>>> print(open('coords-v4.txt').read())   # compact mmCIF, C-alpha atoms (C1' of nucleotides)
# COMPACT_ATOMS: atom_id res chain seq x y z
CA MET A 1 0.00 0.00 0.00
CA VAL A 2 1.38 3.37 -1.04
CA LEU A 3 -0.42 5.40 1.62
CA SER A 4 -1.39 4.03 5.00
CA LYS A 5 -5.08 3.69 5.66
CA ALA A 6 -4.83 6.43 8.25
CA CYS A 7 -3.40 8.68 5.56
CA THR A 8 -6.14 8.00 3.02
CA TYR A 9 -8.71 8.64 5.73
CA GLY A 10 -6.93 11.87 6.55
CA ILE A 11 -7.10 12.99 2.94
CA LEU A 12 -10.77 12.13 2.60
CA ALA A 13 -11.53 13.91 5.85
CA SER A 14 -9.55 16.99 4.81
CA LEU A 15 -11.44 17.16 1.56
CA TYR A 16 -14.71 16.73 3.41
CA VAL A 17 -13.89 19.61 5.72
CA ALA A 18 -12.78 21.76 2.79
CA ARG A 19 -16.11 21.17 1.05
CA GLU A 20 -18.15 21.89 4.17
CA ALA A 21 -16.15 25.02 4.83
CA SER A 22 -17.14 26.37 1.43
CA ARG A 23 -20.80 25.83 2.30
CA SER A 24 -21.27 27.02 5.86
CA ARG A 25 -19.11 28.64 8.48
CA GLY A 26 -18.36 26.96 11.78
CA TYR A 27 -16.91 23.63 12.76
CA VAL A 28 -17.55 20.31 11.10
CA SER A 29 -18.69 17.54 13.44
CA ILE A 30 -16.38 14.54 13.50
CA GLY A 31 -19.31 12.28 14.29
CA ARG A 32 -21.23 13.38 11.24
CA MET A 33 -18.15 13.21 9.07
CA SER A 34 -17.35 9.67 10.22
CA GLU A 35 -20.88 8.60 9.33
CA GLU A 36 -20.87 10.15 5.90
CA LEU A 37 -17.43 8.89 5.01
CA ASN A 38 -17.97 5.51 6.66
CA ILE A 39 -14.85 5.81 8.72
CA SER A 40 -14.67 4.56 12.30
CA PHE A 41 -15.34 7.53 14.57
CA HIS A 42 -12.58 6.88 17.09
CA PHE A 43 -10.02 6.07 14.47
CA LEU A 44 -10.90 9.18 12.55
CA THR A 45 -10.58 11.20 15.74
CA LYS A 46 -7.00 10.05 16.17
CA ILE A 47 -6.12 10.90 12.61
CA LEU A 48 -7.63 14.35 12.94
CA GLN A 49 -5.59 14.87 16.08
CA GLN A 50 -2.48 14.30 14.00
CA LEU A 51 -3.68 16.87 11.51
CA THR A 52 -4.35 19.22 14.40
CA SER A 53 -0.88 18.93 15.86
CA ALA A 54 0.52 19.37 12.36
CA GLY A 55 -1.28 22.71 12.18
CA ILE A 56 -3.56 21.74 9.32
CA ILE A 57 -6.83 21.87 11.22
CA THR A 58 -8.11 23.33 14.48
CA SER A 59 -10.64 21.73 16.74
CA MET A 60 -13.26 22.93 19.18
CA LYS A 61 -14.84 20.87 21.94
CA GLY A 62 -18.41 20.99 23.15
CA PRO A 63 -21.74 21.44 21.41
CA LYS A 64 -21.29 22.95 17.96
CA GLY A 65 -17.70 21.84 18.21
CA GLY A 66 -15.76 19.96 15.60
CA VAL A 67 -12.87 20.62 13.29
CA ALA A 68 -12.06 23.30 10.74
CA LEU A 69 -9.18 24.02 8.40
CA ARG A 70 -6.63 26.24 9.99
CA ARG A 71 -5.51 27.93 6.78
CA ASP A 72 -7.10 28.80 3.49
CA PRO A 73 -7.82 25.52 1.67
CA LYS A 74 -6.06 27.02 -1.34
CA GLU A 75 -2.89 27.04 0.73
CA ILE A 76 -3.08 23.44 1.93
CA SER A 77 -1.73 20.79 -0.42
CA LEU A 78 -2.29 17.07 -0.40
CA VAL A 79 1.39 16.70 0.35
CA ASP A 80 0.82 18.60 3.58
CA VAL A 81 -1.75 16.04 4.65
CA ILE A 82 0.28 13.06 3.51
CA VAL A 83 3.40 14.25 5.29
CA ALA A 84 1.46 15.01 8.47
CA ILE A 85 0.33 11.40 8.73
CA ASP A 86 2.76 9.17 6.85
CA GLY A 87 5.81 11.39 6.97
CA MET A 88 8.14 12.21 4.09
CA GLY A 89 9.18 8.61 3.53
CA LEU A 90 7.20 8.15 0.34
CA PHE A 91 9.02 11.08 -1.23
CA THR A 92 12.49 10.36 0.08
CA ASP A 93 13.00 6.68 0.83
CA CYS A 94 14.70 4.11 -1.34
CA LEU A 95 12.20 1.80 -3.01
CA LEU A 96 14.19 -1.21 -1.89
CA GLY A 97 14.60 0.08 1.65
CA LEU A 98 18.36 0.38 1.34
CA PRO A 99 19.49 3.09 3.75
CA GLY A 100 21.98 5.52 2.30
CA CYS A 101 20.70 5.06 -1.23
CA GLY A 102 21.08 8.31 -3.14
CA GLU A 103 22.75 9.94 -6.11
CA GLU A 104 26.24 9.06 -4.87
CA LYS A 105 25.50 5.50 -3.89
CA PRO A 106 22.36 4.52 -5.77
CA CYS A 107 20.48 1.26 -5.46
CA PRO A 108 19.75 -0.75 -8.61
CA VAL A 109 16.46 1.06 -9.24
CA HIS A 110 17.32 4.45 -7.80
CA ASP A 111 17.14 6.49 -10.99
CA ASP A 112 13.69 5.34 -12.03
CA TRP A 113 12.20 5.55 -8.60
CA ALA A 114 13.71 8.97 -7.93
CA ASP A 115 11.98 10.30 -11.04
CA ILE A 116 8.67 8.75 -10.15
CA ARG A 117 8.60 9.79 -6.54
CA ALA A 118 9.53 13.31 -7.63
CA SER A 119 6.54 13.49 -9.93
CA LEU A 120 4.39 12.07 -7.16
CA PHE A 121 5.58 14.83 -4.88
CA GLN A 122 5.08 17.50 -7.48
CA ALA A 123 1.58 16.32 -8.38
CA PHE A 124 0.38 16.34 -4.80
CA ARG A 125 2.21 19.48 -3.81
CA ASP A 126 0.44 21.33 -6.60
CA LYS A 127 -2.95 19.94 -5.64
CA SER A 128 -4.63 22.10 -3.01
CA LEU A 129 -7.57 20.99 -0.94
CA ALA A 130 -9.54 23.81 -2.54
CA ASP A 131 -8.82 22.64 -6.08
CA THR A 132 -9.49 19.04 -5.27
CA ALA A 133 -12.70 19.72 -3.36
CA LEU A 134 -13.92 21.84 -6.24
CA ARG A 135 -13.25 19.04 -8.70
CA ILE A 136 -15.31 16.72 -6.56
CA ASP A 137 -18.35 18.92 -6.96
CA GLU A 138 -17.83 19.75 -10.61
CA LEU A 139 -17.34 16.20 -11.75
CA ASN A 140 -19.47 14.53 -9.10
CA LEU A 141 -16.54 12.36 -8.14
CA ARG A 142 -16.41 9.36 -5.86
CA PHE A 143 -15.56 10.21 -2.34
CA ALA A 144 -16.87 8.11 0.56
CA LEU A 145 -15.85 4.62 1.53
CA PRO A 146 -18.27 1.76 0.99
CA THR A 147 -20.37 0.75 3.97
CA GLY A 148 -19.75 -2.97 3.74
CA ALA A 149 -17.91 -5.57 1.72
CA LYS A 150 -20.58 -5.88 -0.92
CA ALA A 151 -20.92 -2.11 -1.08
CA ALA A 152 -18.01 -2.05 -3.49
CA ARG A 153 -20.72 -2.15 -6.14
CA ASP A 154 -23.37 0.40 -5.16
CA ASN A 155 -20.82 3.11 -4.75
CA ALA A 156 -21.60 5.65 -2.10
CA VAL A 157 -21.13 9.18 -3.41
CA ILE A 158 -21.31 12.20 -1.19
CA GLY A 159 -23.73 14.84 -2.36
CA ARG A 160 -26.15 12.32 -3.78
CA GLY A 161 -26.84 10.91 -0.37
CA ARG A 162 -25.90 7.41 0.61
CA PRO A 163 -28.03 4.30 0.54
CA GLU A 164 -29.06 2.96 3.96
CA MET B 1 5.70 1.62 2.14
CA VAL B 2 5.33 1.14 -1.59
CA LEU B 3 6.63 -2.42 -1.69
CA SER B 4 6.31 -4.88 1.16
CA LYS B 5 9.53 -5.94 2.81
CA ALA B 6 9.03 -9.42 1.45
CA CYS B 7 8.86 -7.91 -2.01
CA THR B 8 12.06 -5.88 -1.68
CA TYR B 9 13.80 -8.97 -0.36
CA GLY B 10 12.47 -10.89 -3.33
CA ILE B 11 13.88 -8.32 -5.73
CA LEU B 12 17.28 -8.26 -4.05
CA ALA B 13 17.38 -12.04 -4.04
CA SER B 14 16.38 -12.25 -7.70
CA LEU B 15 19.13 -9.84 -8.63
CA TYR B 16 21.59 -11.81 -6.54
CA VAL B 17 20.68 -15.02 -8.31
CA ALA B 18 20.86 -13.30 -11.69
CA ARG B 19 24.39 -12.10 -10.92
CA GLU B 20 25.54 -15.48 -9.67
CA ALA B 21 24.04 -17.17 -12.69
CA SER B 22 26.20 -15.04 -14.97
CA ARG B 23 29.30 -16.18 -13.06
CA SER B 24 28.95 -19.89 -12.47
CA ARG B 25 26.47 -22.55 -13.43
CA GLY B 26 24.49 -24.47 -10.86
CA TYR B 27 22.26 -23.52 -8.00
CA VAL B 28 22.72 -20.62 -5.64
CA SER B 29 22.64 -21.54 -1.95
CA ILE B 30 19.90 -19.79 0.00
CA GLY B 31 22.02 -19.91 3.14
CA ARG B 32 24.88 -18.10 1.48
CA MET B 33 22.57 -15.61 -0.16
CA SER B 34 20.85 -14.82 3.13
CA GLU B 35 24.21 -14.14 4.73
CA GLU B 36 25.49 -11.90 1.97
CA LEU B 37 22.27 -9.94 1.69
CA ASN B 38 21.68 -9.87 5.44
CA ILE B 39 18.21 -11.27 5.12
CA SER B 40 16.78 -13.77 7.60
CA PHE B 41 17.33 -17.23 6.17
CA HIS B 42 13.91 -18.67 6.95
CA PHE B 43 12.07 -15.59 5.83
CA LEU B 44 14.02 -15.52 2.61
CA THR B 45 13.22 -19.17 2.09
CA LYS B 46 9.52 -18.44 2.23
CA ILE B 47 9.81 -15.57 -0.22
CA LEU B 48 11.77 -17.73 -2.63
CA GLN B 49 9.05 -20.35 -2.38
CA GLN B 50 6.61 -17.74 -3.63
CA LEU B 51 8.91 -16.99 -6.53
CA THR B 52 9.15 -20.71 -7.18
CA SER B 53 5.41 -21.23 -7.33
CA ALA B 54 5.18 -18.17 -9.56
CA GLY B 55 7.52 -19.90 -12.00
CA ILE B 56 10.31 -17.36 -11.67
CA ILE B 57 12.88 -19.61 -10.05
CA THR B 58 13.42 -23.34 -9.57
CA SER B 59 14.87 -25.00 -6.54
CA MET B 60 16.86 -28.11 -5.78
CA LYS B 61 17.23 -29.80 -2.42
CA GLY B 62 20.27 -31.53 -1.04
CA PRO B 63 23.99 -30.80 -1.20
CA LYS B 64 24.79 -28.43 -4.07
CA GLY B 65 21.11 -27.52 -3.99
CA GLY B 66 19.69 -24.04 -4.00
CA VAL B 67 17.73 -21.87 -6.36
CA ALA B 68 18.19 -20.78 -9.96
CA LEU B 69 16.28 -18.61 -12.37
CA ARG B 70 13.83 -20.61 -14.37
CA ARG B 71 13.99 -18.42 -17.49
CA ASP B 72 16.59 -16.26 -19.15
CA PRO B 73 17.21 -13.27 -16.85
CA LYS B 74 16.68 -11.06 -19.91
CA GLU B 75 13.10 -12.31 -20.00
CA ILE B 76 12.30 -11.69 -16.33
CA SER B 77 11.22 -8.17 -15.42
CA LEU B 78 11.07 -6.52 -12.03
CA VAL B 79 7.31 -6.36 -12.48
CA ASP B 80 7.26 -10.16 -12.63
CA VAL B 81 8.92 -10.33 -9.23
CA ILE B 82 6.79 -7.58 -7.71
CA VAL B 83 3.56 -9.12 -8.92
CA ALA B 84 4.60 -12.57 -7.70
CA ILE B 85 4.93 -11.29 -4.15
CA ASP B 86 2.79 -8.18 -3.71
CA GLY B 87 0.29 -8.79 -6.48
CA MET B 88 -0.91 -6.28 -9.06
CA GLY B 89 -2.40 -3.90 -6.50
CA LEU B 90 0.32 -1.27 -6.82
CA PHE B 91 -0.41 -0.97 -10.52
CA THR B 92 -4.18 -1.14 -10.39
CA ASP B 93 -5.53 0.06 -7.06
CA CYS B 94 -6.93 3.46 -6.22
CA LEU B 95 -4.51 5.55 -4.19
CA LEU B 96 -7.25 6.36 -1.71
CA GLY B 97 -8.45 2.78 -1.51
CA LEU B 98 -11.84 3.59 -2.97
CA PRO B 99 -13.11 0.44 -4.63
CA GLY B 100 -14.62 0.98 -8.05
CA CYS B 101 -12.44 4.00 -8.75
CA GLY B 102 -11.69 4.18 -12.44
CA GLU B 103 -12.06 6.27 -15.57
CA GLU B 104 -15.85 6.26 -15.33
CA LYS B 105 -16.08 6.95 -11.62
CA PRO B 106 -12.76 8.50 -10.64
CA CYS B 107 -11.68 9.42 -7.14
CA PRO B 108 -10.41 12.97 -6.50
CA VAL B 109 -6.83 12.04 -7.35
CA HIS B 110 -7.46 9.36 -9.92
CA ASP B 111 -5.99 11.10 -12.95
CA ASP B 112 -2.65 11.94 -11.39
CA TRP B 113 -2.22 8.59 -9.72
CA ALA B 114 -3.23 6.67 -12.83
CA ASP B 115 -0.45 8.40 -14.75
CA ILE B 116 2.12 7.78 -12.09
CA ARG B 117 1.32 4.14 -11.47
CA ALA B 118 1.38 3.60 -15.23
CA SER B 119 4.90 4.97 -15.47
CA LEU B 120 5.86 2.87 -12.47
CA PHE B 121 4.58 -0.20 -14.25
CA GLN B 122 6.28 0.71 -17.48
CA ALA B 123 9.61 1.40 -15.81
CA PHE B 124 9.70 -1.91 -13.99
CA ARG B 125 8.26 -3.93 -16.82
CA ASP B 126 11.07 -2.69 -19.06
CA LYS B 127 13.73 -3.45 -16.47
CA SER B 128 14.92 -7.04 -16.76
CA LEU B 129 16.90 -8.83 -14.09
CA ALA B 130 19.72 -9.12 -16.61
CA ASP B 131 19.86 -5.37 -17.28
CA THR B 132 19.60 -4.48 -13.64
CA ALA B 133 22.18 -7.02 -12.50
CA LEU B 134 24.55 -5.72 -15.16
CA ARG B 135 24.14 -2.18 -13.96
CA ILE B 136 25.02 -3.29 -10.46
CA ASP B 137 28.39 -4.50 -11.64
CA GLU B 138 29.11 -1.64 -14.01
CA LEU B 139 28.35 1.09 -11.56
CA ASN B 140 29.29 -0.80 -8.42
CA LEU B 141 25.87 -0.12 -6.98
CA ARG B 142 24.55 -0.65 -3.50
CA PHE B 143 22.86 -3.94 -3.03
CA ALA B 144 22.86 -5.65 0.37
CA LEU B 145 21.00 -4.66 3.48
CA PRO B 146 22.92 -3.30 6.44
CA THR B 147 23.84 -5.76 9.16
CA GLY B 148 22.71 -3.64 12.07
CA ALA B 149 21.25 -0.28 12.92
CA LYS B 150 24.53 1.54 12.83
CA ALA B 151 25.49 -0.19 9.61
CA ALA B 152 23.51 2.40 7.72
CA ARG B 153 26.83 4.22 7.49
CA ASP B 154 29.47 1.70 6.44
CA ASN B 155 27.35 0.54 3.54
CA ALA B 156 27.77 -3.07 2.67
CA VAL B 157 28.31 -3.53 -1.04
CA ILE B 158 28.36 -6.90 -2.69
CA GLY B 159 31.48 -7.58 -4.69
CA ARG B 160 33.69 -5.61 -2.34
CA GLY B 161 33.04 -8.01 0.47
CA ARG B 162 31.30 -6.99 3.62
CA PRO B 163 32.78 -5.83 6.91
CA GLU B 164 32.52 -8.30 9.79
C1' DA C 1 22.60 -47.88 2.72
C1' DT C 2 24.18 -44.11 5.50
C1' DT C 3 25.17 -39.51 6.33
C1' DA C 4 25.40 -34.73 5.61
C1' DA C 5 23.55 -30.84 3.28
C1' DT C 6 19.91 -28.41 1.75
C1' DT C 7 15.13 -26.73 0.64
C1' DA C 8 9.91 -27.29 2.10
C1' DA C 9 6.44 -26.59 5.22
C1' DG C 10 4.10 -25.68 9.30
C1' DA C 11 3.84 -23.83 14.02
C1' DT C 12 4.87 -20.14 16.71
C1' DA C 13 6.31 -15.47 18.12
C1' DA C 14 7.12 -10.60 17.76
C1' DA C 15 6.09 -6.15 15.75
C1' DA C 16 3.32 -2.97 13.35
C1' DG C 17 -0.99 -1.34 11.61
C1' DA C 18 -5.87 -0.78 12.14
C1' DG C 19 -9.69 -0.33 14.89
C1' DT C 20 -12.44 -0.11 19.45
C1' DC C 21 -13.59 1.32 24.06
C1' DT C 22 -13.48 4.06 28.19
C1' DT C 23 -12.66 8.11 30.69
C1' DA C 24 -11.35 12.95 30.92
C1' DA C 25 -11.67 17.72 29.56
C1' DA C 26 -13.81 21.57 27.35
C1' DT C 27 -17.79 24.10 25.66
C1' DC C 28 -22.50 25.57 24.98
C1' DA C 29 -27.27 26.14 26.49
C1' DA C 30 -30.72 26.30 29.77
C1' DT D 1 -24.47 25.81 38.07
C1' DT D 2 -25.99 21.80 35.87
C1' DG D 3 -26.37 18.81 32.10
C1' DA D 4 -25.74 17.53 27.42
C1' DT D 5 -22.52 17.43 23.65
C1' DT D 6 -18.35 16.99 21.64
C1' DT D 7 -13.20 16.42 21.07
C1' DA D 8 -8.73 14.53 23.58
C1' DA D 9 -6.18 10.92 25.22
C1' DG D 10 -4.89 6.58 26.62
C1' DA D 11 -5.61 1.64 27.12
C1' DC D 12 -6.89 -2.16 24.86
C1' DT D 13 -8.02 -5.63 21.05
C1' DC D 14 -7.75 -7.58 16.49
C1' DT D 15 -5.41 -8.39 12.17
C1' DT D 16 -1.58 -8.50 9.10
C1' DT D 17 3.16 -8.50 8.32
C1' DT D 18 7.60 -9.87 9.54
C1' DA D 19 10.56 -13.07 11.61
C1' DT D 20 11.95 -17.38 13.99
C1' DC D 21 12.03 -22.23 15.14
C1' DT D 22 11.27 -27.04 14.46
C1' DT D 23 10.55 -30.99 11.74
C1' DA D 24 10.10 -33.30 7.29
C1' DA D 25 11.53 -34.38 2.65
C1' DT D 26 14.95 -34.62 -0.97
C1' DT D 27 19.48 -35.05 -2.94
C1' DA D 28 24.63 -35.91 -3.32
C1' DA D 29 28.58 -38.20 -1.86
C1' DT D 30 30.75 -41.78 0.42
>>> encode(input="coords-v4.txt", output="structure tokens")
Amino acid sequence: MVLSKACTYGILASLYVAREASRSRGYVSIGRMSEELNISFHFLTKILQQLTSAGIITSMKGPKGGVALRRDPKEISLVDVIVAIDGMGLFTDCLLGLPGCGEEKPCPVHDDWADIRASLFQAFRDKSLADTALRIDELNLRFALPTGAKAARDNAVIGRGRPE
Amino acid sequence: MVLSKACTYGILASLYVAREASRSRGYVSIGRMSEELNISFHFLTKILQQLTSAGIITSMKGPKGGVALRRDPKEISLVDVIVAIDGMGLFTDCLLGLPGCGEEKPCPVHDDWADIRASLFQAFRDKSLADTALRIDELNLRFALPTGAKAARDNAVIGRGRPE
DNA sequence: ATTAATTAAGATAAAAGAGTCTTAAATCAA
DNA sequence: TTGATTTAAGACTCTTTTATCTTAATTAAT
């Protein structure tokens, strides 16, 4: 797996918050978000805490509490979210896990992987939450996780409502 | 992690066998290979069994036994090894783990990731064990895993012998 | 045939990742 | 102030991956 599950959840949640932010002011409830995205509430909470300590979101306790983006969604890239949860490893580590691999002492696949991970980094550094959230609405893209195993078919899509 | 540890070990082992094959005939001892690559013998054995059942290598028991490539190393690509151990997921799955993500029903990052995973596939499909093993010798590339934690510095390199 | 060397295979263990549960702390509303 | 709501934090469980250990099966050499 390229991204950890926690990281993919973090991205989906960030996009969800970015979309909500463009609709109404105020904080987005984690409980509601976990239901709509079909992500375990407590697990999601932990992930959002990581995003909080990374300075990507802020949180507020109590009624009407929840989370909100800390900066303008135009200024937050997907790389920011990925790095906050999975670290820089994807963009820096040797594909074969050989420590010390680099330009001076490359591993057998260094050159190819270095190119590819660089384009990965570039693609996701240039993709802001704002852009990506906008694309979701414009193209009516897939977004939420399926509710069950079989749900891989009747794809849940935010904005159209989800099947019970 | 992009590739599982088992998969990176499988690649290193395949390259090792390819290099040995170009030197002497006969089977390559798993015990010796595990020592030189600093990979746990029993774990490596299991990985090689996967490569065996995938038709990439053959094995022989008994004295002078070991493993050998089943086909011409020019005809075995890194993709073959990766797929044998980690499956096709890296080259087919949605980055965000959304099942059903595809051209018709893309996820928010589908387009970028589809490009990148395609170039990943292409790069490693066009890289044969023969080519890669040759490059190791020509450029005196890094190859083996470090023996310990600190060994990340005094990088072990096959062909120069390893420090005790 | 016997023995030593070597891979195969299965059981077990340790570590990491993913997910759940409980309690505490903060906030809002009445 | 009290109570309800919501996030924070830590302990705990479950699963998968990684690694080890033991025993069996096969082969070569004597």
>>> residues_near_point(input="coords-v4.txt", point="(22.0, 1.8, 0.6)", cutoff="7 Å", atoms="only C-alpha atoms (C1' of nucleotides)", output="list in words")
Leu98, Pro99, Gly100, Cys101, Lys105, Pro106 and Cys107 of chain A; Arg142, Phe143 and Asn155 of chain B
>>> closest_residue(input="coords-v4.txt", among="D:DT2, D:DT26, D:DT7, D:DT17", to="DA8 in chain C", atoms="all atoms listed in the file")
D:DT26
>>> residues_around(input="coords-v4.txt", residues="Ala68 in chain A", least_positions_apart="3", cutoff="6 Å", atoms="all atoms listed in the file", output="list in words")
Tyr27, Ile57 and Thr58 of chain A
>>> residues_around(input="coords-v4.txt", residues="DA14 in chain C", least_positions_apart="2", cutoff="12 Å", atoms="only C-alpha atoms (C1' of nucleotides)", output="PDB file with C-alpha atoms (C1' of nucleotides), keeping the file's coordinate frame")
ATOM      1  C1'  DT C  12       4.870 -20.140  16.710  1.00  0.00           C
ATOM      2  C1'  DA C  16       3.320  -2.970  13.350  1.00  0.00           C
TER       3       DA C  16
ATOM      4  C1'  DT D  17       3.160  -8.500   8.320  1.00  0.00           C
ATOM      5  C1'  DT D  18       7.600  -9.870   9.540  1.00  0.00           C
ATOM      6  C1'  DA D  19      10.560 -13.070  11.610  1.00  0.00           C
ATOM      7  C1'  DT D  20      11.950 -17.380  13.990  1.00  0.00           C
TER       8       DT D  20
END
>>> residues_around(input="coords-v4.txt", residues="Asp112 in chain A", least_positions_apart="2", cutoff="12 Å", atoms="all atoms listed in the file", output="JSON, numbers by chain")
{"A": [94, 95, 102, 103, 106, 107, 108, 109, 110, 114, 115, 116, 117, 118, 119], "B": [116, 119, 120, 121, 122, 123, 124, 125, 126, 127, 132]}
>>> residues_near_point(input="coords-v4.txt", point="(-6.9, 9.8, 24.2)", cutoff="10 Å", atoms="all atoms listed in the file", output="list in words")
His42, Thr45, Lys46 and Gln49 of chain A; DT22, DT23 and DA24 of chain C; DT7, DA8, DA9, DG10 and DA11 of chain D
>>> closest_residue(input="coords-v4.txt", among="A:Pro73, A:Gly26, A:Gly10, A:Pro63", to="chain D", atoms="all atoms listed in the file")
A:Pro63
>>> closest_atom_pairs(input="coords-v4.txt", of="chain A", to="chain D", cutoff="6 Å", atoms="only C-alpha atoms (C1' of nucleotides)", output="CSV")
residue,atom,partner,partner_atom,distance
A:Lys61,CA,D:DT7,C1',4.8
A:Gly62,CA,D:DT6,C1',4.3
A:Pro63,CA,D:DT5,C1',4.7
A:Gly65,CA,D:DT6,C1',6.0
>>> write_last_selection(input="coords-v4.txt", atoms="C-alpha atoms", output="compact mmCIF listing (two decimals), in the coordinates of the input")
# COMPACT_ATOMS: atom_id res chain seq x y z
CA LYS A 61 -14.84 20.87 21.94
CA GLY A 62 -18.41 20.99 23.15
CA PRO A 63 -21.74 21.44 21.41
CA GLY A 65 -17.70 21.84 18.21
>>> atom_distance(input="coords-v4.txt", atom1="CA of Ser14 in chain A", atom2="CA of Val2 in chain A")
18.4 Å
>>> residues_around(input="coords-v4.txt", residues="Val28 in chain B", least_positions_apart="3", cutoff="9 Å", atoms="all atoms listed in the file", output="number ranges by chain")
B: 16-17, 20-21, 25, 31-33, 64-68
>>> residues_around(input="coords-v4.txt", residues="Ile11 in chain B", least_positions_apart="6", cutoff="12 Å", atoms="all atoms listed in the file", output="ChimeraX atom specification")
/A:95-97,107-109 /B:3-5,17-18,37,44,47-48,51,56,76-86,124,127-129,132-133,143-144
>>> decode(input="coords-v4.txt", residues="range 50-56 of chain B", atoms="all heavy atoms", output="JSON list (two decimals), in the first residue's frame")
[["chain", "number", "residue", "atom", "x", "y", "z"],
["B", 50, "GLN", "N", 7.62, -18.45, -2.84],
["B", 50, "GLN", "CA", 6.61, -17.74, -3.63],
["B", 50, "GLN", "C", 7.09, -17.54, -5.06],
["B", 50, "GLN", "O", 6.33, -17.70, -6.01],
["B", 50, "GLN", "CB", 6.31, -16.37, -3.00],
["B", 50, "GLN", "CG", 5.56, -16.45, -1.69],
["B", 50, "GLN", "CD", 5.16, -15.04, -1.22],
["B", 50, "GLN", "OE1", 5.85, -14.45, -0.40],
["B", 50, "GLN", "NE2", 4.07, -14.53, -1.74],
["B", 51, "LEU", "N", 8.37, -17.18, -5.18],
["B", 51, "LEU", "CA", 8.91, -16.99, -6.53],
["B", 51, "LEU", "C", 8.95, -18.31, -7.29],
["B", 51, "LEU", "O", 8.81, -18.35, -8.51],
["B", 51, "LEU", "CB", 10.31, -16.37, -6.46],
["B", 51, "LEU", "CG", 10.37, -14.96, -5.89],
["B", 51, "LEU", "CD1", 11.80, -14.44, -5.88],
["B", 51, "LEU", "CD2", 9.47, -14.02, -6.68],
["B", 52, "THR", "N", 9.15, -19.39, -6.54],
["B", 52, "THR", "CA", 9.15, -20.71, -7.18],
["B", 52, "THR", "C", 7.76, -21.05, -7.71],
["B", 52, "THR", "O", 7.61, -21.44, -8.87],
["B", 52, "THR", "CB", 9.59, -21.79, -6.17],
["B", 52, "THR", "OG1", 10.91, -21.48, -5.71],
["B", 52, "THR", "CG2", 9.60, -23.16, -6.83],
["B", 53, "SER", "N", 6.75, -20.85, -6.86],
["B", 53, "SER", "CA", 5.41, -21.23, -7.33],
["B", 53, "SER", "C", 4.92, -20.27, -8.40],
["B", 53, "SER", "O", 4.00, -20.59, -9.15],
["B", 53, "SER", "CB", 4.43, -21.31, -6.16],
["B", 53, "SER", "OG", 4.35, -20.08, -5.51],
["B", 54, "ALA", "N", 5.54, -19.10, -8.50],
["B", 54, "ALA", "CA", 5.18, -18.17, -9.56],
["B", 54, "ALA", "C", 5.94, -18.50, -10.86],
["B", 54, "ALA", "O", 5.75, -17.84, -11.87],
["B", 54, "ALA", "CB", 5.48, -16.74, -9.14],
["B", 55, "GLY", "N", 6.81, -19.49, -10.80],
["B", 55, "GLY", "CA", 7.52, -19.90, -12.00],
["B", 55, "GLY", "C", 8.72, -19.04, -12.35],
["B", 55, "GLY", "O", 9.24, -19.12, -13.45],
["B", 56, "ILE", "N", 9.17, -18.23, -11.38],
["B", 56, "ILE", "CA", 10.31, -17.36, -11.67],
["B", 56, "ILE", "C", 11.62, -18.06, -11.39],
["B", 56, "ILE", "O", 12.59, -17.87, -12.11],
["B", 56, "ILE", "CB", 10.18, -16.05, -10.86],
["B", 56, "ILE", "CG1", 8.98, -15.26, -11.38],
["B", 56, "ILE", "CG2", 11.46, -15.23, -10.94],
["B", 56, "ILE", "CD1", 8.65, -14.03, -10.58]]
